[in-house]
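Content type CSV, N, CA and C atoms, from the file entry15.csv:
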chain,number,residue,atom,x,y,z
S,265,MET,N,0.8,-1.2,0.0
S,265,MET,CA,0.0,0.0,0.0
S,265,MET,C,0.9,1.2,0.0
S,266,PHE,N,0.4,2.3,-0.5
S,266,PHE,CA,1.2,3.5,-0.7
S,266,PHE,C,0.3,4.8,-0.5
S,267,VAL,N,1.0,5.9,-0.3
S,267,VAL,CA,0.3,7.2,-0.2
S,267,VAL,C,0.0,7.7,-1.7
S,268,LYS,N,-1.2,7.8,-2.0
S,268,LYS,CA,-1.6,8.3,-3.3
S,268,LYS,C,-1.7,9.8,-3.3
S,269,SER,N,-2.2,10.4,-2.3
S,269,SER,CA,-2.3,11.9,-2.2
S,269,SER,C,-2.3,12.4,-0.8
S,270,ILE,N,-2.0,13.6,-0.6
S,270,ILE,CA,-2.0,14.3,0.8
S,270,ILE,C,-2.7,15.6,0.6
S,271,PHE,N,-3.7,15.9,1.5
S,271,PHE,CA,-4.3,17.2,1.6
S,271,PHE,C,-4.0,17.7,3.0
S,272,TRP,N,-3.2,18.8,3.1
S,272,TRP,CA,-2.8,19.3,4.4
S,272,TRP,C,-4.0,20.1,5.1
S,273,ILE,N,-4.4,19.6,6.2
S,273,ILE,CA,-5.4,20.3,7.0
S,273,ILE,C,-4.7,21.5,7.7
S,274,GLU,N,-3.6,21.2,8.3
S,274,GLU,CA,-2.8,22.2,9.0
S,274,GLU,C,-1.3,21.8,8.9
S,275,GLU,N,-0.6,22.3,7.9
S,275,GLU,CA,0.7,21.8,7.6
S,275,GLU,C,1.7,22.1,8.8
S,276,SER,N,1.6,23.2,9.5
S,276,SER,CA,2.5,23.5,10.6
S,276,SER,C,2.4,22.5,11.7
S,277,SER,N,1.2,21.9,11.9
S,277,SER,CA,1.1,20.8,13.0
S,277,SER,C,1.2,19.4,12.4
S,278,ARG,N,1.4,19.3,11.0
S,278,ARG,CA,1.5,18.1,10.3
S,278,ARG,C,0.2,17.2,10.3
S,279,GLU,N,-0.9,17.9,10.3
S,279,GLU,CA,-2.2,17.3,10.3
S,279,GLU,C,-2.7,17.2,8.9
S,280,ALA,N,-3.1,16.0,8.4
S,280,ALA,CA,-3.4,15.8,7.0
S,280,ALA,C,-4.4,14.7,6.8
S,281,GLU,N,-5.1,14.9,5.6
S,281,GLU,CA,-5.9,13.8,5.1
S,281,GLU,C,-5.0,13.1,4.1
S,282,VAL,N,-4.9,11.8,4.2
S,282,VAL,CA,-4.0,11.0,3.4
S,282,VAL,C,-4.8,9.9,2.7
S,283,GLU,N,-4.7,9.9,1.3
S,283,GLU,CA,-5.3,8.8,0.6
S,283,GLU,C,-4.3,7.7,0.5
S,284,VAL,N,-4.7,6.5,1.0
S,284,VAL,CA,-3.8,5.3,0.9
S,284,VAL,C,-4.5,4.4,-0.1
S,285,SER,N,-3.7,3.8,-0.9
S,285,SER,CA,-4.2,2.9,-2.0
S,285,SER,C,-3.3,1.7,-2.1
S,286,ASP,N,-3.9,0.7,-2.7
S,286,ASP,CA,-3.1,-0.5,-3.1
S,286,ASP,C,-3.1,-0.6,-4.6
S,287,GLY,N,-3.6,0.4,-5.3
S,287,GLY,CA,-3.7,0.4,-6.7
S,287,GLY,C,-5.1,0.0,-7.2
S,288,VAL,N,-5.9,-0.6,-6.3
S,288,VAL,CA,-7.3,-1.0,-6.6
S,288,VAL,C,-8.2,-0.3,-5.7
S,289,PHE,N,-8.0,-0.4,-4.4
S,289,PHE,CA,-8.8,0.3,-3.4
S,289,PHE,C,-8.1,1.5,-2.8
S,290,GLY,N,-8.9,2.5,-2.4
S,290,GLY,CA,-8.3,3.7,-1.8
S,290,GLY,C,-9.2,4.1,-0.6
S,291,LEU,N,-8.5,4.6,0.5
S,291,LEU,CA,-9.2,5.1,1.7
S,291,LEU,C,-8.6,6.4,2.1
S,292,ILE,N,-9.4,7.3,2.5
S,292,ILE,CA,-9.0,8.6,3.0
S,292,ILE,C,-8.8,8.4,4.5
S,293,CYS,N,-7.6,8.7,5.0
S,293,CYS,CA,-7.2,8.5,6.4
S,293,CYS,C,-6.9,9.8,7.0
S,294,PHE,N,-7.0,9.9,8.4
S,294,PHE,CA,-6.5,11.0,9.1
S,294,PHE,C,-5.1,10.7,9.6
S,295,SER,N,-4.2,11.7,9.5
S,295,SER,CA,-2.8,11.5,10.0
S,295,SER,C,-2.3,12.7,10.7
S,296,CYS,N,-1.8,12.5,11.9
S,296,CYS,CA,-1.2,13.5,12.7
S,296,CYS,C,-0.3,12.9,13.8
S,297,PRO,N,1.0,13.1,13.7
S,297,PRO,CA,1.7,13.9,12.7
S,297,PRO,C,1.9,13.1,11.5
S,298,CYS,N,1.7,13.7,10.3
S,298,CYS,CA,2.0,13.1,9.1
S,298,CYS,C,3.4,13.3,8.6
S,299,SER,N,4.1,12.2,8.4
S,299,SER,CA,5.5,12.3,8.0
S,299,SER,C,5.7,11.7,6.6
S,300,TYR,N,4.6,11.4,5.9
S,300,TYR,CA,4.6,10.8,4.6
S,300,TYR,C,4.6,11.8,3.5
S,301,SER,N,5.1,11.4,2.3
S,301,SER,CA,5.0,12.1,1.1
S,301,SER,C,4.3,11.3,0.1
S,302,GLU,N,3.7,11.9,-1.0
S,302,GLU,CA,3.1,11.2,-2.0
S,302,GLU,C,4.0,10.2,-2.6
S,303,GLY,N,3.5,8.9,-2.8
S,303,GLY,CA,4.3,7.9,-3.4
S,303,GLY,C,5.0,7.0,-2.3
S,304,ASP,N,5.0,7.4,-1.1
S,304,ASP,CA,5.7,6.6,0.0
S,304,ASP,C,4.9,5.3,0.2
S,305,ALA,N,5.7,4.3,0.5
S,305,ALA,CA,5.1,3.0,0.9
S,305,ALA,C,4.6,3.2,2.3
S,306,VAL,N,3.5,2.5,2.6
S,306,VAL,CA,2.9,2.5,4.0
S,306,VAL,C,3.1,1.1,4.5
S,307,THR,N,3.9,1.0,5.6
S,307,THR,CA,4.1,-0.4,6.1
S,307,THR,C,3.3,-0.7,7.4
S,308,GLU,N,2.8,0.4,8.0
S,308,GLU,CA,2.0,0.2,9.3
S,308,GLU,C,0.6,-0.1,8.9
S,309,LYS,N,-0.1,-0.8,9.7
S,309,LYS,CA,-1.5,-1.1,9.5
S,309,LYS,C,-2.3,0.2,9.8
S,310,LEU,N,-3.4,0.4,9.1
S,310,LEU,CA,-4.2,1.5,9.3
S,310,LEU,C,-5.2,1.2,10.4
S,311,GLU,N,-5.4,2.2,11.3
S,311,GLU,CA,-6.2,1.9,12.5
S,311,GLU,C,-7.6,2.4,12.3
S,312,CYS,N,-8.6,1.4,12.4
S,312,CYS,CA,-10.0,1.7,12.3
S,312,CYS,C,-10.6,2.1,13.6
S,313,LEU,N,-11.1,3.3,13.8
S,313,LEU,CA,-11.6,3.7,15.1
S,313,LEU,C,-13.1,3.4,15.2
S,314,ASP,N,-13.5,3.0,16.3
S,314,ASP,CA,-14.9,2.8,16.6
S,314,ASP,C,-15.6,1.7,15.7
S,315,ALA,N,-14.8,0.7,15.4
S,315,ALA,CA,-15.4,-0.4,14.5
S,315,ALA,C,-16.7,-0.9,15.2
S,316,LYS,N,-17.7,-1.1,14.4
S,316,LYS,CA,-19.0,-1.5,14.9
S,316,LYS,C,-19.8,-2.3,13.8
S,317,LYS,N,-20.9,-2.9,14.2
S,317,LYS,CA,-21.7,-3.7,13.3
S,317,LYS,C,-20.9,-4.7,12.5
S,318,ILE,N,-20.0,-5.4,13.2
S,318,ILE,CA,-19.1,-6.4,12.6
S,318,ILE,C,-19.9,-7.7,12.5
S,319,LYS,N,-20.0,-8.2,11.2
S,319,LYS,CA,-20.7,-9.5,11.0
S,319,LYS,C,-20.0,-10.1,9.8
S,320,VAL,N,-20.3,-11.4,9.6
S,320,VAL,CA,-19.8,-12.2,8.5
S,320,VAL,C,-20.5,-11.7,7.2
S,321,ALA,N,-19.7,-11.5,6.2
S,321,ALA,CA,-20.2,-11.0,4.9
S,321,ALA,C,-21.0,-12.1,4.2
S,322,LYS,N,-22.0,-11.7,3.5
S,322,LYS,CA,-22.8,-12.7,2.7
S,322,LYS,C,-22.0,-13.1,1.4
S,323,GLU,N,-21.3,-12.1,0.9
S,323,GLU,CA,-20.5,-12.3,-0.3
S,323,GLU,C,-19.0,-12.3,0.1
S,324,GLY,N,-18.2,-13.1,-0.5
S,324,GLY,CA,-16.8,-13.2,-0.2
S,324,GLY,C,-15.9,-12.4,-1.2
S,325,GLU,N,-16.2,-11.1,-1.1
S,325,GLU,CA,-15.3,-10.2,-1.9
S,325,GLU,C,-15.2,-8.8,-1.2
S,326,TYR,N,-14.1,-8.1,-1.5
S,326,TYR,CA,-13.8,-6.9,-0.9
S,326,TYR,C,-14.7,-5.8,-1.4
S,327,PHE,N,-15.1,-4.8,-0.6
S,327,PHE,CA,-15.7,-3.6,-1.1
S,327,PHE,C,-15.6,-2.5,0.0
S,328,ILE,N,-15.8,-1.2,-0.5
S,328,ILE,CA,-15.7,0.0,0.4
S,328,ILE,C,-17.0,0.8,0.0
S,329,GLU,N,-17.7,1.3,1.0
S,329,GLU,CA,-18.7,2.2,0.8
S,329,GLU,C,-18.5,3.4,1.7
S,330,LYS,N,-18.7,4.6,1.2
S,330,LYS,CA,-18.5,5.8,2.0
S,330,LYS,C,-19.6,5.9,3.1
S,331,GLY,N,-19.3,6.2,4.3
S,331,GLY,CA,-20.3,6.3,5.4
S,331,GLY,C,-20.8,7.7,5.4
S,332,GLU,N,-21.6,8.0,6.4
S,332,GLU,CA,-22.2,9.3,6.6
S,332,GLU,C,-21.2,10.4,7.0
S,333,GLY,N,-20.3,10.1,7.9
S,333,GLY,CA,-19.3,11.0,8.4
S,333,GLY,C,-18.2,11.2,7.4
S,334,TYR,N,-17.5,12.3,7.5
S,334,TYR,CA,-16.5,12.6,6.5
S,334,TYR,C,-15.5,11.5,6.3
S,335,PHE,N,-15.0,11.0,7.4
S,335,PHE,CA,-13.9,10.0,7.3
S,335,PHE,C,-14.5,8.5,7.5
S,336,SER,N,-15.8,8.4,7.6
S,336,SER,CA,-16.4,7.1,7.9
S,336,SER,C,-16.5,6.2,6.6
S,337,TYR,N,-16.5,4.9,6.9
S,337,TYR,CA,-16.6,3.9,5.8
S,337,TYR,C,-17.3,2.7,6.3
S,338,LYS,N,-17.9,2.0,5.4
S,338,LYS,CA,-18.4,0.6,5.5
S,338,LYS,C,-17.5,-0.2,4.7
S,339,ILE,N,-16.9,-1.3,5.3
S,339,ILE,CA,-15.8,-2.0,4.6
S,339,ILE,C,-16.1,-3.5,4.7
S,340,CYS,N,-15.8,-4.2,3.6
S,340,CYS,CA,-15.8,-5.7,3.6
S,340,CYS,C,-14.4,-6.1,3.4
S,341,GLY,N,-13.9,-6.8,4.3
S,341,GLY,CA,-12.5,-7.3,4.2
S,341,GLY,C,-12.4,-8.7,4.7
S,342,LYS,N,-11.2,-9.3,4.6
S,342,LYS,CA,-10.9,-10.6,5.0
S,342,LYS,C,-10.1,-10.7,6.3
S,343,ILE,N,-10.5,-11.4,7.3
S,343,ILE,CA,-9.8,-11.5,8.5
S,343,ILE,C,-8.5,-12.3,8.3
S,344,GLU,N,-7.4,-11.7,8.6
S,344,GLU,CA,-6.1,-12.4,8.6
S,344,GLU,C,-5.8,-12.9,9.9
S,345,ASP,N,-6.1,-12.2,11.0
S,345,ASP,CA,-5.8,-12.6,12.4
S,345,ASP,C,-6.9,-12.0,13.3
S,346,ALA,N,-7.8,-12.9,13.7
S,346,ALA,CA,-8.9,-12.5,14.5
S,346,ALA,C,-8.4,-12.0,15.9
S,347,LYS,N,-7.5,-12.7,16.5
S,347,LYS,CA,-7.0,-12.4,17.8
S,347,LYS,C,-6.3,-11.0,17.8
S,348,GLY,N,-5.6,-10.8,16.7
S,348,GLY,CA,-4.8,-9.5,16.5
S,348,GLY,C,-5.6,-8.4,15.9
S,349,GLY,N,-6.8,-8.7,15.4
S,349,GLY,CA,-7.7,-7.7,14.8
S,349,GLY,C,-7.2,-7.2,13.4
S,350,ILE,N,-6.5,-8.1,12.7
S,350,ILE,CA,-6.0,-7.7,11.4
S,350,ILE,C,-6.9,-8.1,10.3
S,351,ILE,N,-7.3,-7.1,9.5
S,351,ILE,CA,-8.2,-7.3,8.3
S,351,ILE,C,-7.5,-6.8,7.1
S,352,LYS,N,-7.7,-7.5,6.0
S,352,LYS,CA,-7.2,-7.1,4.7
S,352,LYS,C,-8.3,-6.7,3.8
S,353,LEU,N,-8.0,-5.6,3.1
S,353,LEU,CA,-8.9,-5.0,2.1
S,353,LEU,C,-8.0,-5.0,0.8
S,354,GLY,N,-8.0,-6.0,0.0
S,354,GLY,CA,-7.1,-6.1,-1.1
S,354,GLY,C,-5.7,-6.2,-0.4
S,355,ASP,N,-4.8,-5.3,-0.8
S,355,ASP,CA,-3.5,-5.3,-0.2
S,355,ASP,C,-3.3,-4.3,0.9
S,356,ILE,N,-4.4,-3.7,1.3
S,356,ILE,CA,-4.4,-2.7,2.4
S,356,ILE,C,-4.7,-3.4,3.7
S,357,GLU,N,-3.8,-3.2,4.7
S,357,GLU,CA,-3.9,-3.8,6.0
S,357,GLU,C,-4.5,-2.9,7.0
S,358,LEU,N,-5.6,-3.4,7.7
S,358,LEU,CA,-6.3,-2.6,8.6
S,358,LEU,C,-6.3,-3.3,10.0
S,359,HIS,N,-6.4,-2.5,11.0
S,359,HIS,CA,-6.5,-3.0,12.4
S,359,HIS,C,-7.8,-2.5,13.0
S,360,ILE,N,-8.5,-3.5,13.7
S,360,ILE,CA,-9.7,-3.1,14.5
S,360,ILE,C,-9.5,-3.7,15.9
S,361,ASP,N,-10.2,-3.2,16.9
S,361,ASP,CA,-10.1,-3.7,18.2
S,361,ASP,C,-10.6,-5.1,18.2
S,362,SER,N,-9.7,-6.1,18.5
S,362,SER,CA,-10.1,-7.5,18.4
S,362,SER,C,-11.2,-7.9,19.4
S,363,SER,N,-11.3,-7.2,20.5
S,363,SER,CA,-12.4,-7.5,21.4
S,363,SER,C,-13.8,-7.3,20.9
S,364,LYS,N,-13.8,-6.5,19.8
S,364,LYS,CA,-15.1,-6.2,19.2
S,364,LYS,C,-15.5,-7.3,18.1
S,365,ILE,N,-14.6,-8.2,17.7
S,365,ILE,CA,-14.9,-9.2,16.8
S,365,ILE,C,-15.6,-10.3,17.5
S,366,PRO,N,-16.8,-10.6,17.0
S,366,PRO,CA,-17.6,-11.7,17.6
S,366,PRO,C,-16.7,-13.0,17.6
S,367,LYS,N,-16.9,-13.8,18.7
S,367,LYS,CA,-16.1,-15.0,18.9
S,367,LYS,C,-16.3,-16.1,17.9
S,368,ASP,N,-17.5,-16.0,17.1
S,368,ASP,CA,-17.8,-17.1,16.1
S,368,ASP,C,-17.2,-16.7,14.7
S,369,ILE,N,-16.4,-15.7,14.7
S,369,ILE,CA,-15.8,-15.2,13.4
S,369,ILE,C,-14.3,-15.6,13.4
S,370,TYR,N,-13.9,-16.3,12.3
S,370,TYR,CA,-12.5,-16.8,12.3
S,370,TYR,C,-11.7,-16.3,11.1
S,371,GLU,N,-10.4,-16.6,11.2
S,371,GLU,CA,-9.5,-16.3,10.1
S,371,GLU,C,-10.0,-16.7,8.7
S,372,ASN,N,-9.7,-15.9,7.7
S,372,ASN,CA,-10.1,-16.2,6.3
S,372,ASN,C,-11.5,-16.0,6.0
S,373,GLN,N,-12.4,-15.6,7.0
S,373,GLN,CA,-13.7,-15.2,6.7
S,373,GLN,C,-13.8,-13.7,6.2
S,374,TYR,N,-14.7,-13.4,5.4
S,374,TYR,CA,-14.9,-12.0,5.0
S,374,TYR,C,-15.9,-11.4,6.0
S,375,ILE,N,-15.6,-10.2,6.5
S,375,ILE,CA,-16.5,-9.5,7.4
S,375,ILE,C,-16.9,-8.2,6.8
S,376,VAL,N,-18.0,-7.7,7.3
S,376,VAL,CA,-18.4,-6.3,7.0
S,376,VAL,C,-18.5,-5.6,8.3
S,377,PHE,N,-18.0,-4.3,8.3
S,377,PHE,CA,-18.0,-3.5,9.5
S,377,PHE,C,-18.0,-2.0,9.1
S,378,GLU,N,-18.4,-1.2,10.1
S,378,GLU,CA,-18.4,0.2,9.9
S,378,GLU,C,-17.3,0.9,10.8
S,379,THR,N,-16.7,1.9,10.3
S,379,THR,CA,-15.7,2.6,11.1
S,379,THR,C,-15.9,4.1,11.0
S,380,SER,N,-15.8,4.9,12.1
S,380,SER,CA,-16.0,6.3,12.0
S,380,SER,C,-14.8,7.1,11.4
S,381,ARG,N,-13.6,6.5,11.5
S,381,ARG,CA,-12.4,7.1,11.0
S,381,ARG,C,-11.3,6.1,10.8
S,382,ILE,N,-10.4,6.3,9.9
S,382,ILE,CA,-9.2,5.5,9.8
S,382,ILE,C,-8.0,6.4,10.0
S,383,ASP,N,-7.2,6.0,10.9
S,383,ASP,CA,-6.0,6.8,11.3
S,383,ASP,C,-4.7,6.1,10.8
S,384,MET,N,-3.7,6.9,10.5
S,384,MET,CA,-2.4,6.4,10.2
S,384,MET,C,-1.4,7.3,10.8
S,385,TRP,N,-0.2,6.7,11.2
S,385,TRP,CA,0.8,7.5,11.9
S,385,TRP,C,2.1,7.5,11.1

Represent the supplied structure as structure tokens.
Amino acid sequence: MFVKSIFWIEESSREAEVEVSDGVFGLICFSCPCSYSEGDAVTEKLECLDAKKIKVAKEGEYFIEKGEGYFSYKICGKIEDAKGGIIKLGDIELHIDSSKIPKDIYENQYIVFETSRIDMW
């Protein structure tokens, strides 16, 4: 995954909206302090805040839908590590609070969830 674009909210405090992409999917993330430049590789997992409505997906394919809030999304991804809260959206790695994942959901299942914001550092 890589930084596709950056929009500086407040450049002096390094606060930015950063579009992260894998070449297929793209997410607008909040970053502060942002130390990235366009084209940089992103190696850290993106942090999904307030993940909720987590359930097994009916269809086994990735998707993104824009939510009602500016940074919010509805995402369908594949669980890589349920105990660690690691979700894949194509080649984008996301992290959610693992305590919110229902115990009957396991690795390699596709899940749908909502998040109020995605952060990157």

Which residues, written as a short mmCIF file (atom, residue, chain, number, x, y, z; two decimals) with N, CA and C atoms, in the frame of the given file, have at least one atom at most 6 Å from range 296-303 of chain S, with only N, CA and C atoms counted and residues fewer than 6 positions away on the same chain left out?
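That gives us out.cif:
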data_model
loop_
_atom_site.label_atom_id
_atom_site.label_comp_id
_atom_site.auth_asym_id
_atom_site.auth_seq_id
_atom_site.Cartn_x
_atom_site.Cartn_y
_atom_site.Cartn_z
N PHE S 266 0.40 2.30 -0.50
CA PHE S 266 1.20 3.50 -0.70
C PHE S 266 0.30 4.80 -0.50
N VAL S 267 1.00 5.90 -0.30
CA VAL S 267 0.30 7.20 -0.20
C VAL S 267 0.00 7.70 -1.70
N LYS S 268 -1.20 7.80 -2.00
CA LYS S 268 -1.60 8.30 -3.30
C LYS S 268 -1.70 9.80 -3.30
N SER S 269 -2.20 10.40 -2.30
CA SER S 269 -2.30 11.90 -2.20
C SER S 269 -2.30 12.40 -0.80
N ILE S 270 -2.00 13.60 -0.60
CA ILE S 270 -2.00 14.30 0.80
C ILE S 270 -2.70 15.60 0.60
N SER S 277 1.20 21.90 11.90
CA SER S 277 1.10 20.80 13.00
C SER S 277 1.20 19.40 12.40
N ARG S 278 1.40 19.30 11.00
CA ARG S 278 1.50 18.10 10.30
C ARG S 278 0.20 17.20 10.30
N GLU S 279 -0.90 17.90 10.30
CA GLU S 279 -2.20 17.30 10.30
C GLU S 279 -2.70 17.20 8.90
N ALA S 280 -3.10 16.00 8.40
CA ALA S 280 -3.40 15.80 7.00
C ALA S 280 -4.40 14.70 6.80
N MET S 384 -3.70 6.90 10.50
CA MET S 384 -2.40 6.40 10.20
C MET S 384 -1.40 7.30 10.80
N TRP S 385 -0.20 6.70 11.20
CA TRP S 385 0.80 7.50 11.90
C TRP S 385 2.10 7.50 11.10
#

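Note that the spacing between CA of Lys317 in chain S and CA of Asp355 in chain S amounts to 22.7 Å.
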
Query raised in the report: So, counting only N, CA and C atoms, which residue among S:Glu329, S:Asp345, S:Glu311, S:Glu275 is closest to Asp383 in chain S?
Result: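 Comparing S:Glu329, S:Asp345, S:Glu311, S:Glu275 against Asp383 in chain S, the winner is S:Glu311.
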
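For the pair atom C of Gly287 in chain S and atom N of Glu371 in chain S, the separation is 25.3 Å.
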
Query raised in the report: Looking at only N, CA and C atoms, which of S:Ser276, S:Ser380, S:Gln373, S:Ser285 is the one that sits closest to Gly333 in chain S?
Result: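 Checking each candidate against Gly333 in chain S, we get S:Ser380 as the closest.
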
**Report entry** Point-to-point distance from CA of Lys364 in chain S to CA of Ile339 in chain S, Å rounded to tenths
**Finding:**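 About the pair CA of Lys364 in chain S and CA of Ile339 in chain S: they are 15.2 Å apart.
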
**Report entry** Nearest candidate to Cys340 in chain S (options S:Glu281, S:Asp286, S:Glu378, S:Glu308; using all atoms listed in the file)
**Finding:**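 Distance minimum relative to Cys340 in chain S lands on S:Glu378.
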
Report task. Write out as a ChimeraX atom specification each polymer residue whose atoms come within 6 Å of Ala321 in chain S, counting all atoms listed in the file; drop sequence neighbours fewer than 4 positions from it. Result -> /S:374-376

Report task. Any chance you could list, as an MDAnalysis selection string, the residues in chain S that come up helix (DSSP H, G or I) when DSSP is run on the backbone? Result -> chainID S and resid 275:277 362:364

Query - Nearest candidate to Val284 in chain S (options S:Ile356, S:Leu313, S:Ile369, S:Glu332; using all atoms listed in the file) - result: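 Nearest candidate to Val284 in chain S out of S:Ile356, S:Leu313, S:Ile369, S:Glu332: S:Ile356.
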
Is there a way to complete range 354-372 of chain S with N, CA, C and O atoms and then write that out as a PDB file, in the coordinates of the input?
ATOM      1  N   GLY S 354      -8.000  -6.000   0.000  1.00  0.00           N
ATOM      2  CA  GLY S 354      -7.100  -6.100  -1.100  1.00  0.00           C
ATOM      3  C   GLY S 354      -5.700  -6.200  -0.400  1.00  0.00           C
ATOM      4  O   GLY S 354      -5.484  -7.120   0.417  1.00  0.00           O
ATOM      5  N   ASP S 355      -4.800  -5.300  -0.800  1.00  0.00           N
ATOM      6  CA  ASP S 355      -3.500  -5.300  -0.200  1.00  0.00           C
ATOM      7  C   ASP S 355      -3.300  -4.300   0.900  1.00  0.00           C
ATOM      8  O   ASP S 355      -2.215  -3.999   1.380  1.00  0.00           O
ATOM      9  N   ILE S 356      -4.400  -3.700   1.300  1.00  0.00           N
ATOM     10  CA  ILE S 356      -4.400  -2.700   2.400  1.00  0.00           C
ATOM     11  C   ILE S 356      -4.700  -3.400   3.700  1.00  0.00           C
ATOM     12  O   ILE S 356      -5.589  -4.238   3.853  1.00  0.00           O
ATOM     13  N   GLU S 357      -3.800  -3.200   4.700  1.00  0.00           N
ATOM     14  CA  GLU S 357      -3.900  -3.800   6.000  1.00  0.00           C
ATOM     15  C   GLU S 357      -4.500  -2.900   7.000  1.00  0.00           C
ATOM     16  O   GLU S 357      -4.069  -1.753   7.172  1.00  0.00           O
ATOM     17  N   LEU S 358      -5.600  -3.400   7.700  1.00  0.00           N
ATOM     18  CA  LEU S 358      -6.300  -2.600   8.600  1.00  0.00           C
ATOM     19  C   LEU S 358      -6.300  -3.300  10.000  1.00  0.00           C
ATOM     20  O   LEU S 358      -6.109  -4.489  10.071  1.00  0.00           O
ATOM     21  N   HIS S 359      -6.400  -2.500  11.000  1.00  0.00           N
ATOM     22  CA  HIS S 359      -6.500  -3.000  12.400  1.00  0.00           C
ATOM     23  C   HIS S 359      -7.800  -2.500  13.000  1.00  0.00           C
ATOM     24  O   HIS S 359      -8.108  -1.342  12.944  1.00  0.00           O
ATOM     25  N   ILE S 360      -8.500  -3.500  13.700  1.00  0.00           N
ATOM     26  CA  ILE S 360      -9.700  -3.100  14.500  1.00  0.00           C
ATOM     27  C   ILE S 360      -9.500  -3.700  15.900  1.00  0.00           C
ATOM     28  O   ILE S 360      -8.674  -4.624  16.066  1.00  0.00           O
ATOM     29  N   ASP S 361     -10.200  -3.200  16.900  1.00  0.00           N
ATOM     30  CA  ASP S 361     -10.100  -3.700  18.200  1.00  0.00           C
ATOM     31  C   ASP S 361     -10.600  -5.100  18.200  1.00  0.00           C
ATOM     32  O   ASP S 361     -11.793  -5.369  17.935  1.00  0.00           O
ATOM     33  N   SER S 362      -9.700  -6.100  18.500  1.00  0.00           N
ATOM     34  CA  SER S 362     -10.100  -7.500  18.400  1.00  0.00           C
ATOM     35  C   SER S 362     -11.200  -7.900  19.400  1.00  0.00           C
ATOM     36  O   SER S 362     -11.884  -8.873  19.125  1.00  0.00           O
ATOM     37  N   SER S 363     -11.300  -7.200  20.500  1.00  0.00           N
ATOM     38  CA  SER S 363     -12.400  -7.500  21.400  1.00  0.00           C
ATOM     39  C   SER S 363     -13.800  -7.300  20.900  1.00  0.00           C
ATOM     40  O   SER S 363     -14.736  -7.774  21.418  1.00  0.00           O
ATOM     41  N   LYS S 364     -13.800  -6.500  19.800  1.00  0.00           N
ATOM     42  CA  LYS S 364     -15.100  -6.200  19.200  1.00  0.00           C
ATOM     43  C   LYS S 364     -15.500  -7.300  18.100  1.00  0.00           C
ATOM     44  O   LYS S 364     -16.652  -7.270  17.613  1.00  0.00           O
ATOM     45  N   ILE S 365     -14.600  -8.200  17.700  1.00  0.00           N
ATOM     46  CA  ILE S 365     -14.900  -9.200  16.800  1.00  0.00           C
ATOM     47  C   ILE S 365     -15.600 -10.300  17.500  1.00  0.00           C
ATOM     48  O   ILE S 365     -15.134 -10.889  18.424  1.00  0.00           O
ATOM     49  N   PRO S 366     -16.800 -10.600  17.000  1.00  0.00           N
ATOM     50  CA  PRO S 366     -17.600 -11.700  17.600  1.00  0.00           C
ATOM     51  C   PRO S 366     -16.700 -13.000  17.600  1.00  0.00           C
ATOM     52  O   PRO S 366     -15.995 -13.309  16.676  1.00  0.00           O
ATOM     53  N   LYS S 367     -16.900 -13.800  18.700  1.00  0.00           N
ATOM     54  CA  LYS S 367     -16.100 -15.000  18.900  1.00  0.00           C
ATOM     55  C   LYS S 367     -16.300 -16.100  17.900  1.00  0.00           C
ATOM     56  O   LYS S 367     -15.528 -17.021  17.724  1.00  0.00           O
ATOM     57  N   ASP S 368     -17.500 -16.000  17.100  1.00  0.00           N
ATOM     58  CA  ASP S 368     -17.800 -17.100  16.100  1.00  0.00           C
ATOM     59  C   ASP S 368     -17.200 -16.700  14.700  1.00  0.00           C
ATOM     60  O   ASP S 368     -17.573 -17.316  13.748  1.00  0.00           O
ATOM     61  N   ILE S 369     -16.400 -15.700  14.700  1.00  0.00           N
ATOM     62  CA  ILE S 369     -15.800 -15.200  13.400  1.00  0.00           C
ATOM     63  C   ILE S 369     -14.300 -15.600  13.400  1.00  0.00           C
ATOM     64  O   ILE S 369     -13.624 -15.409  14.421  1.00  0.00           O
ATOM     65  N   TYR S 370     -13.900 -16.300  12.300  1.00  0.00           N
ATOM     66  CA  TYR S 370     -12.500 -16.800  12.300  1.00  0.00           C
ATOM     67  C   TYR S 370     -11.700 -16.300  11.100  1.00  0.00           C
ATOM     68  O   TYR S 370     -12.213 -15.653  10.246  1.00  0.00           O
ATOM     69  N   GLU S 371     -10.400 -16.600  11.200  1.00  0.00           N
ATOM     70  CA  GLU S 371      -9.500 -16.300  10.100  1.00  0.00           C
ATOM     71  C   GLU S 371     -10.000 -16.700   8.700  1.00  0.00           C
ATOM     72  O   GLU S 371     -10.716 -17.752   8.627  1.00  0.00           O
ATOM     73  N   ASN S 372      -9.700 -15.900   7.700  1.00  0.00           N
ATOM     74  CA  ASN S 372     -10.100 -16.200   6.300  1.00  0.00           C
ATOM     75  C   ASN S 372     -11.500 -16.000   6.000  1.00  0.00           C
ATOM     76  O   ASN S 372     -11.947 -16.248   4.861  1.00  0.00           O
TER      77      ASN S 372
END
